[in-house]
Amino acid sequence: MAAKPKLHYPNGRGRMESVRWVLAAAGVEFDEEFLEAKEQLQKLQKLQDGNHLLFQQVPMVEIDGMKLVQTRSILHYIADKHHLFGRDLKERTLIDMYVEGTLDLLELIIMHPFLKPDDQQKEVVNMAQKAIIRYFPVFEKVLRDHGQRFLVGNQLSLADIILLQTILALEEKIPNILSAFPHLQEFTVKISNIATIKKFLEPGSKKKPPPDDIYVRTVYNIFMP
Amino acid sequence: MAGKPKLHYFNGRGRMESIRWLLAAAGVEFEEELFETREEFEKLIQGGTLMYEQVPMVEIDGMNLVETRAILRYLAAKYNLYGRNIREQAWIDMYVEGLKDLSDMIMFFPLSLPGEKEMNLEYILERATTKFFPVYEKALRDHGQDFLVGNRLSWADIQLLEVILMAEECKPSVLTGFPLLQEFKARISYIPTIQKFLQPGSQRKPPLDESSIESVKNIFKFERGMFLKNMSTIVAEY
């Protein structure tokens, strides 16, 4: 029996959260080894057994005998393995385009806690604008045009999962961000109600809380030279 | 018969260059529609073919593909440059993603503030020789094969060659201390399709020079001195 995937990252969302979402949505149980101090990262970086951390960075996921790094590589591998990447190359590419756009938006959320306090409020406005003007209209139109529950191919894919993650993260900062997007509102409810995702959204799951000062300090301690 | 792929971008390398490399290496002829002013870019946006109002965009197989990575992955898969199975694909993904950080730094280097140029260049070269190149040198040494993954040409090899050449433009001797990468560079450069792309008259673009930097800044509304500001999240703002 295969071992569970093992995630290496600080105890917080960051770049690993998308991976947690996809594994959870796919119904895959996983273990986590949390980085809490610089010494642990250095230990991982120094390990001789074949590039424990290929580019000396996390996220890193031990899965199927590999040590995968680079968030997108990890997400693709899991999506491919668990049939969350479409039925053919065209569907896959559509999913890819949606995911890449969403990840650009999510990136703003990931970086937000590390901005100077004076810049943080301005950045919330920027995020909201980007979401409402550039990204949400694309997905609203997709859903409106085909009338299906999922973004691509009438089945759950990486695109739905990452979009839901991003919407919920944005709603934490801007509660009414979906007010002009009725199809996205419906999408949010429907995808949240999928059994594996519903479970992930309940207390006690491995979903991490929004970043707080402790998380920010931990990240600085681990990663700053 | 399908038409040739058509690339929409400005007349320079930027994020489209990796796509040109991949198409060329695969022996695929392509057309380019290159805008030179802000007005032309806005006209393209108004045309409604840019999903997120951004470029690169490639018209291919009845689709308007956007997002550099999505485009590259489509091409790699279509032209059999993405490995034979999902494990090989994962390795190619990791190698390519790793190079992106370095290539982004080099790509944005011309936008450095004058006072920062030397410092940024030093930083780029330090990262190249201590963080990135050792990984690829080791990969080649460990398996002793001609290509990075699966003993055959893949997207990862093409991307690595592109980045090596970009780094050498910053410092010609940057591969000193990496004998396998030097051999790799020679070997991959001699693949006929790639050799053709490296010759004058191909669609390969030159590095940005002083005169084109201003025009790029105007087209994409880049901020001044954005090089090190947020290196992992450099996004062209429209």
# chains A, B, ... in the order shown; residues from 1 in each chain; ligands from 1
>>> residues_around(residues="Met63 of chain B", least_positions_apart="3", cutoff="10 Å", atoms="only C-alpha atoms", output="PyMOL selection string")
(chain A and resi 90+93-94) or (chain B and resi 5+49+57-60+66)
>>> write_last_selection(atoms="C-alpha atoms", output="PDB file, in the first residue's frame")
ATOM      1  CA  LYS A  90      -7.755  20.781 -25.117  1.00  0.00           C
ATOM      2  CA  THR A  93      -5.181  23.489 -21.623  1.00  0.00           C
ATOM      3  CA  LEU A  94      -8.421  25.301 -20.813  1.00  0.00           C
TER       4      LEU A  94
ATOM      5  CA  PRO B   5       0.358  29.235 -35.063  1.00  0.00           C
ATOM      6  CA  THR B  49      -9.080  37.679 -27.830  1.00  0.00           C
ATOM      7  CA  MET B  57      -1.268  35.090 -26.729  1.00  0.00           C
ATOM      8  CA  VAL B  58      -0.919  32.341 -29.318  1.00  0.00           C
ATOM      9  CA  GLU B  59      -3.590  31.480 -31.865  1.00  0.00           C
ATOM     10  CA  ILE B  60      -3.291  27.755 -32.451  1.00  0.00           C
ATOM     11  CA  VAL B  66      -2.888  32.826 -22.998  1.00  0.00           C
TER      12      VAL B  66
END
>>> residues_around(residues="Lys190 of chain A", least_positions_apart="3", cutoff="12 Å", atoms="only C-alpha atoms", output="PyMOL selection string")
chain A and resi 148-151+156+160-161+164+183-187+193-195+197-198
>>> interface_residues(of="chain A", to="chain B", cutoff="9 Å", atoms="only C-alpha atoms", output="JSON, numbers by chain")
{"A": [51, 54, 55, 56, 66, 68, 69, 70, 71, 72, 73, 74, 76, 77, 80, 81, 89, 90, 92, 93, 94, 95, 96, 97, 98, 99, 100, 101, 104, 107, 108, 111, 134, 135, 138]}
>>> residues_around(residues="Ser202 of chain B", least_positions_apart="5", cutoff="10 Å", atoms="only C-alpha atoms", output="ChimeraX atom specification")
/B:24,196-197
>>> residues_around(residues="segment 209-224 of chain A", least_positions_apart="3", cutoff="8 Å", atoms="only C-alpha atoms", output="VMD selection string")
chain A and resid 10 to 13 35 to 39 41 113 to 114
>>> decode(residues="segment 102-137 of chain B", atoms="N, CA, C and O atoms", output="PDB file, in the first residue's frame")
ATOM      1  N   LEU B 102      15.122  32.245 -12.498  1.00  0.00           N
ATOM      2  CA  LEU B 102      16.353  32.832 -13.024  1.00  0.00           C
ATOM      3  C   LEU B 102      16.077  33.625 -14.298  1.00  0.00           C
ATOM      4  O   LEU B 102      16.554  34.753 -14.458  1.00  0.00           O
ATOM      5  N   SER B 103      15.278  33.065 -15.179  1.00  0.00           N
ATOM      6  CA  SER B 103      15.050  33.755 -16.451  1.00  0.00           C
ATOM      7  C   SER B 103      14.252  35.035 -16.246  1.00  0.00           C
ATOM      8  O   SER B 103      14.476  36.027 -16.945  1.00  0.00           O
ATOM      9  N   ASP B 104      13.352  35.057 -15.271  1.00  0.00           N
ATOM     10  CA  ASP B 104      12.616  36.282 -14.970  1.00  0.00           C
ATOM     11  C   ASP B 104      13.564  37.381 -14.514  1.00  0.00           C
ATOM     12  O   ASP B 104      13.452  38.531 -14.929  1.00  0.00           O
ATOM     13  N   MET B 105      14.503  37.006 -13.655  1.00  0.00           N
ATOM     14  CA  MET B 105      15.473  37.993 -13.172  1.00  0.00           C
ATOM     15  C   MET B 105      16.241  38.602 -14.341  1.00  0.00           C
ATOM     16  O   MET B 105      16.422  39.807 -14.423  1.00  0.00           O
ATOM     17  N   ILE B 106      16.698  37.748 -15.242  1.00  0.00           N
ATOM     18  CA  ILE B 106      17.483  38.245 -16.377  1.00  0.00           C
ATOM     19  C   ILE B 106      16.599  39.090 -17.297  1.00  0.00           C
ATOM     20  O   ILE B 106      17.001  40.134 -17.799  1.00  0.00           O
ATOM     21  N   MET B 107      15.378  38.633 -17.478  1.00  0.00           N
ATOM     22  CA  MET B 107      14.453  39.354 -18.356  1.00  0.00           C
ATOM     23  C   MET B 107      14.186  40.768 -17.848  1.00  0.00           C
ATOM     24  O   MET B 107      14.098  41.714 -18.623  1.00  0.00           O
ATOM     25  N   PHE B 108      14.034  40.919 -16.548  1.00  0.00           N
ATOM     26  CA  PHE B 108      13.699  42.230 -16.003  1.00  0.00           C
ATOM     27  C   PHE B 108      14.902  43.095 -15.687  1.00  0.00           C
ATOM     28  O   PHE B 108      14.754  44.263 -15.319  1.00  0.00           O
ATOM     29  N   PHE B 109      16.088  42.521 -15.846  1.00  0.00           N
ATOM     30  CA  PHE B 109      17.307  43.262 -15.527  1.00  0.00           C
ATOM     31  C   PHE B 109      17.400  44.615 -16.257  1.00  0.00           C
ATOM     32  O   PHE B 109      17.764  45.621 -15.647  1.00  0.00           O
ATOM     33  N   PRO B 110      17.052  44.701 -17.547  1.00  0.00           N
ATOM     34  CA  PRO B 110      17.151  45.997 -18.231  1.00  0.00           C
ATOM     35  C   PRO B 110      16.277  47.084 -17.630  1.00  0.00           C
ATOM     36  O   PRO B 110      16.479  48.258 -17.909  1.00  0.00           O
ATOM     37  N   LEU B 111      15.290  46.687 -16.796  1.00  0.00           N
ATOM     38  CA  LEU B 111      14.422  47.681 -16.186  1.00  0.00           C
ATOM     39  C   LEU B 111      14.948  48.168 -14.842  1.00  0.00           C
ATOM     40  O   LEU B 111      14.267  48.901 -14.128  1.00  0.00           O
ATOM     41  N   SER B 112      16.161  47.752 -14.475  1.00  0.00           N
ATOM     42  CA  SER B 112      16.755  48.205 -13.216  1.00  0.00           C
ATOM     43  C   SER B 112      16.968  49.706 -13.252  1.00  0.00           C
ATOM     44  O   SER B 112      17.237  50.277 -14.309  1.00  0.00           O
ATOM     45  N   LEU B 113      16.880  50.325 -12.068  1.00  0.00           N
ATOM     46  CA  LEU B 113      17.293  51.718 -11.936  1.00  0.00           C
ATOM     47  C   LEU B 113      18.796  51.777 -12.195  1.00  0.00           C
ATOM     48  O   LEU B 113      19.526  50.860 -11.822  1.00  0.00           O
ATOM     49  N   PRO B 114      19.256  52.879 -12.817  1.00  0.00           N
ATOM     50  CA  PRO B 114      20.681  52.968 -13.172  1.00  0.00           C
ATOM     51  C   PRO B 114      21.609  52.652 -12.006  1.00  0.00           C
ATOM     52  O   PRO B 114      22.589  51.942 -12.165  1.00  0.00           O
ATOM     53  N   GLY B 115      21.299  53.166 -10.831  1.00  0.00           N
ATOM     54  CA  GLY B 115      22.165  52.942  -9.673  1.00  0.00           C
ATOM     55  C   GLY B 115      22.180  51.511  -9.189  1.00  0.00           C
ATOM     56  O   GLY B 115      23.050  51.104  -8.424  1.00  0.00           O
ATOM     57  N   GLU B 116      21.189  50.729  -9.614  1.00  0.00           N
ATOM     58  CA  GLU B 116      21.073  49.362  -9.102  1.00  0.00           C
ATOM     59  C   GLU B 116      21.651  48.338 -10.056  1.00  0.00           C
ATOM     60  O   GLU B 116      21.758  47.152  -9.713  1.00  0.00           O
ATOM     61  N   LYS B 117      21.984  48.756 -11.259  1.00  0.00           N
ATOM     62  CA  LYS B 117      22.331  47.796 -12.313  1.00  0.00           C
ATOM     63  C   LYS B 117      23.440  46.828 -11.902  1.00  0.00           C
ATOM     64  O   LYS B 117      23.314  45.620 -12.084  1.00  0.00           O
ATOM     65  N   GLU B 118      24.515  47.402 -11.363  1.00  0.00           N
ATOM     66  CA  GLU B 118      25.659  46.538 -11.050  1.00  0.00           C
ATOM     67  C   GLU B 118      25.307  45.530  -9.981  1.00  0.00           C
ATOM     68  O   GLU B 118      25.656  44.347 -10.070  1.00  0.00           O
ATOM     69  N   MET B 119      24.597  46.007  -8.952  1.00  0.00           N
ATOM     70  CA  MET B 119      24.197  45.151  -7.841  1.00  0.00           C
ATOM     71  C   MET B 119      23.271  44.035  -8.325  1.00  0.00           C
ATOM     72  O   MET B 119      23.412  42.873  -7.945  1.00  0.00           O
ATOM     73  N   ASN B 120      22.325  44.386  -9.184  1.00  0.00           N
ATOM     74  CA  ASN B 120      21.391  43.392  -9.692  1.00  0.00           C
ATOM     75  C   ASN B 120      22.097  42.337 -10.533  1.00  0.00           C
ATOM     76  O   ASN B 120      21.796  41.144 -10.458  1.00  0.00           O
ATOM     77  N   LEU B 121      23.056  42.809 -11.355  1.00  0.00           N
ATOM     78  CA  LEU B 121      23.797  41.875 -12.205  1.00  0.00           C
ATOM     79  C   LEU B 121      24.571  40.875 -11.355  1.00  0.00           C
ATOM     80  O   LEU B 121      24.571  39.674 -11.607  1.00  0.00           O
ATOM     81  N   GLU B 122      25.211  41.411 -10.309  1.00  0.00           N
ATOM     82  CA  GLU B 122      25.968  40.536  -9.399  1.00  0.00           C
ATOM     83  C   GLU B 122      25.037  39.506  -8.774  1.00  0.00           C
ATOM     84  O   GLU B 122      25.378  38.337  -8.622  1.00  0.00           O
ATOM     85  N   TYR B 123      23.865  39.973  -8.387  1.00  0.00           N
ATOM     86  CA  TYR B 123      22.885  39.090  -7.751  1.00  0.00           C
ATOM     87  C   TYR B 123      22.453  37.987  -8.710  1.00  0.00           C
ATOM     88  O   TYR B 123      22.406  36.809  -8.349  1.00  0.00           O
ATOM     89  N   ILE B 124      22.159  38.375  -9.947  1.00  0.00           N
ATOM     90  CA  ILE B 124      21.736  37.388 -10.951  1.00  0.00           C
ATOM     91  C   ILE B 124      22.811  36.321 -11.127  1.00  0.00           C
ATOM     92  O   ILE B 124      22.540  35.123 -11.121  1.00  0.00           O
ATOM     93  N   LEU B 125      24.058  36.769 -11.286  1.00  0.00           N
ATOM     94  CA  LEU B 125      25.146  35.820 -11.544  1.00  0.00           C
ATOM     95  C   LEU B 125      25.394  34.929 -10.334  1.00  0.00           C
ATOM     96  O   LEU B 125      25.670  33.734 -10.477  1.00  0.00           O
ATOM     97  N   GLU B 126      25.264  35.510  -9.150  1.00  0.00           N
ATOM     98  CA  GLU B 126      25.451  34.717  -7.939  1.00  0.00           C
ATOM     99  C   GLU B 126      24.400  33.622  -7.847  1.00  0.00           C
ATOM    100  O   GLU B 126      24.695  32.464  -7.558  1.00  0.00           O
ATOM    101  N   ARG B 127      23.153  33.992  -8.121  1.00  0.00           N
ATOM    102  CA  ARG B 127      22.077  33.003  -8.072  1.00  0.00           C
ATOM    103  C   ARG B 127      22.286  31.936  -9.142  1.00  0.00           C
ATOM    104  O   ARG B 127      22.113  30.743  -8.916  1.00  0.00           O
ATOM    105  N   ALA B 128      22.646  32.385 -10.335  1.00  0.00           N
ATOM    106  CA  ALA B 128      22.824  31.430 -11.444  1.00  0.00           C
ATOM    107  C   ALA B 128      23.867  30.389 -11.077  1.00  0.00           C
ATOM    108  O   ALA B 128      23.654  29.185 -11.258  1.00  0.00           O
ATOM    109  N   THR B 129      24.997  30.851 -10.540  1.00  0.00           N
ATOM    110  CA  THR B 129      26.109  29.917 -10.326  1.00  0.00           C
ATOM    111  C   THR B 129      26.042  29.166  -9.002  1.00  0.00           C
ATOM    112  O   THR B 129      26.714  28.145  -8.844  1.00  0.00           O
ATOM    113  N   THR B 130      25.256  29.642  -8.045  1.00  0.00           N
ATOM    114  CA  THR B 130      25.204  28.909  -6.776  1.00  0.00           C
ATOM    115  C   THR B 130      23.889  28.183  -6.556  1.00  0.00           C
ATOM    116  O   THR B 130      23.841  27.190  -5.844  1.00  0.00           O
ATOM    117  N   LYS B 131      22.821  28.685  -7.132  1.00  0.00           N
ATOM    118  CA  LYS B 131      21.534  28.058  -6.859  1.00  0.00           C
ATOM    119  C   LYS B 131      21.003  27.241  -8.041  1.00  0.00           C
ATOM    120  O   LYS B 131      20.450  26.174  -7.864  1.00  0.00           O
ATOM    121  N   PHE B 132      21.153  27.765  -9.233  1.00  0.00           N
ATOM    122  CA  PHE B 132      20.467  27.116 -10.352  1.00  0.00           C
ATOM    123  C   PHE B 132      21.354  26.153 -11.134  1.00  0.00           C
ATOM    124  O   PHE B 132      21.042  24.980 -11.260  1.00  0.00           O
ATOM    125  N   PHE B 133      22.479  26.654 -11.666  1.00  0.00           N
ATOM    126  CA  PHE B 133      23.302  25.793 -12.510  1.00  0.00           C
ATOM    127  C   PHE B 133      23.771  24.519 -11.814  1.00  0.00           C
ATOM    128  O   PHE B 133      23.808  23.453 -12.443  1.00  0.00           O
ATOM    129  N   PRO B 134      24.130  24.579 -10.522  1.00  0.00           N
ATOM    130  CA  PRO B 134      24.563  23.340  -9.867  1.00  0.00           C
ATOM    131  C   PRO B 134      23.510  22.226  -9.942  1.00  0.00           C
ATOM    132  O   PRO B 134      23.859  21.046 -10.051  1.00  0.00           O
ATOM    133  N   VAL B 135      22.245  22.598  -9.888  1.00  0.00           N
ATOM    134  CA  VAL B 135      21.178  21.591  -9.936  1.00  0.00           C
ATOM    135  C   VAL B 135      21.225  20.834 -11.258  1.00  0.00           C
ATOM    136  O   VAL B 135      21.136  19.602 -11.301  1.00  0.00           O
ATOM    137  N   TYR B 136      21.379  21.572 -12.340  1.00  0.00           N
ATOM    138  CA  TYR B 136      21.358  20.943 -13.668  1.00  0.00           C
ATOM    139  C   TYR B 136      22.657  20.206 -13.973  1.00  0.00           C
ATOM    140  O   TYR B 136      22.652  19.155 -14.606  1.00  0.00           O
ATOM    141  N   GLU B 137      23.765  20.760 -13.500  1.00  0.00           N
ATOM    142  CA  GLU B 137      25.056  20.070 -13.635  1.00  0.00           C
ATOM    143  C   GLU B 137      24.980  18.718 -12.934  1.00  0.00           C
ATOM    144  O   GLU B 137      25.373  17.689 -13.479  1.00  0.00           O
TER     145      GLU B 137
END
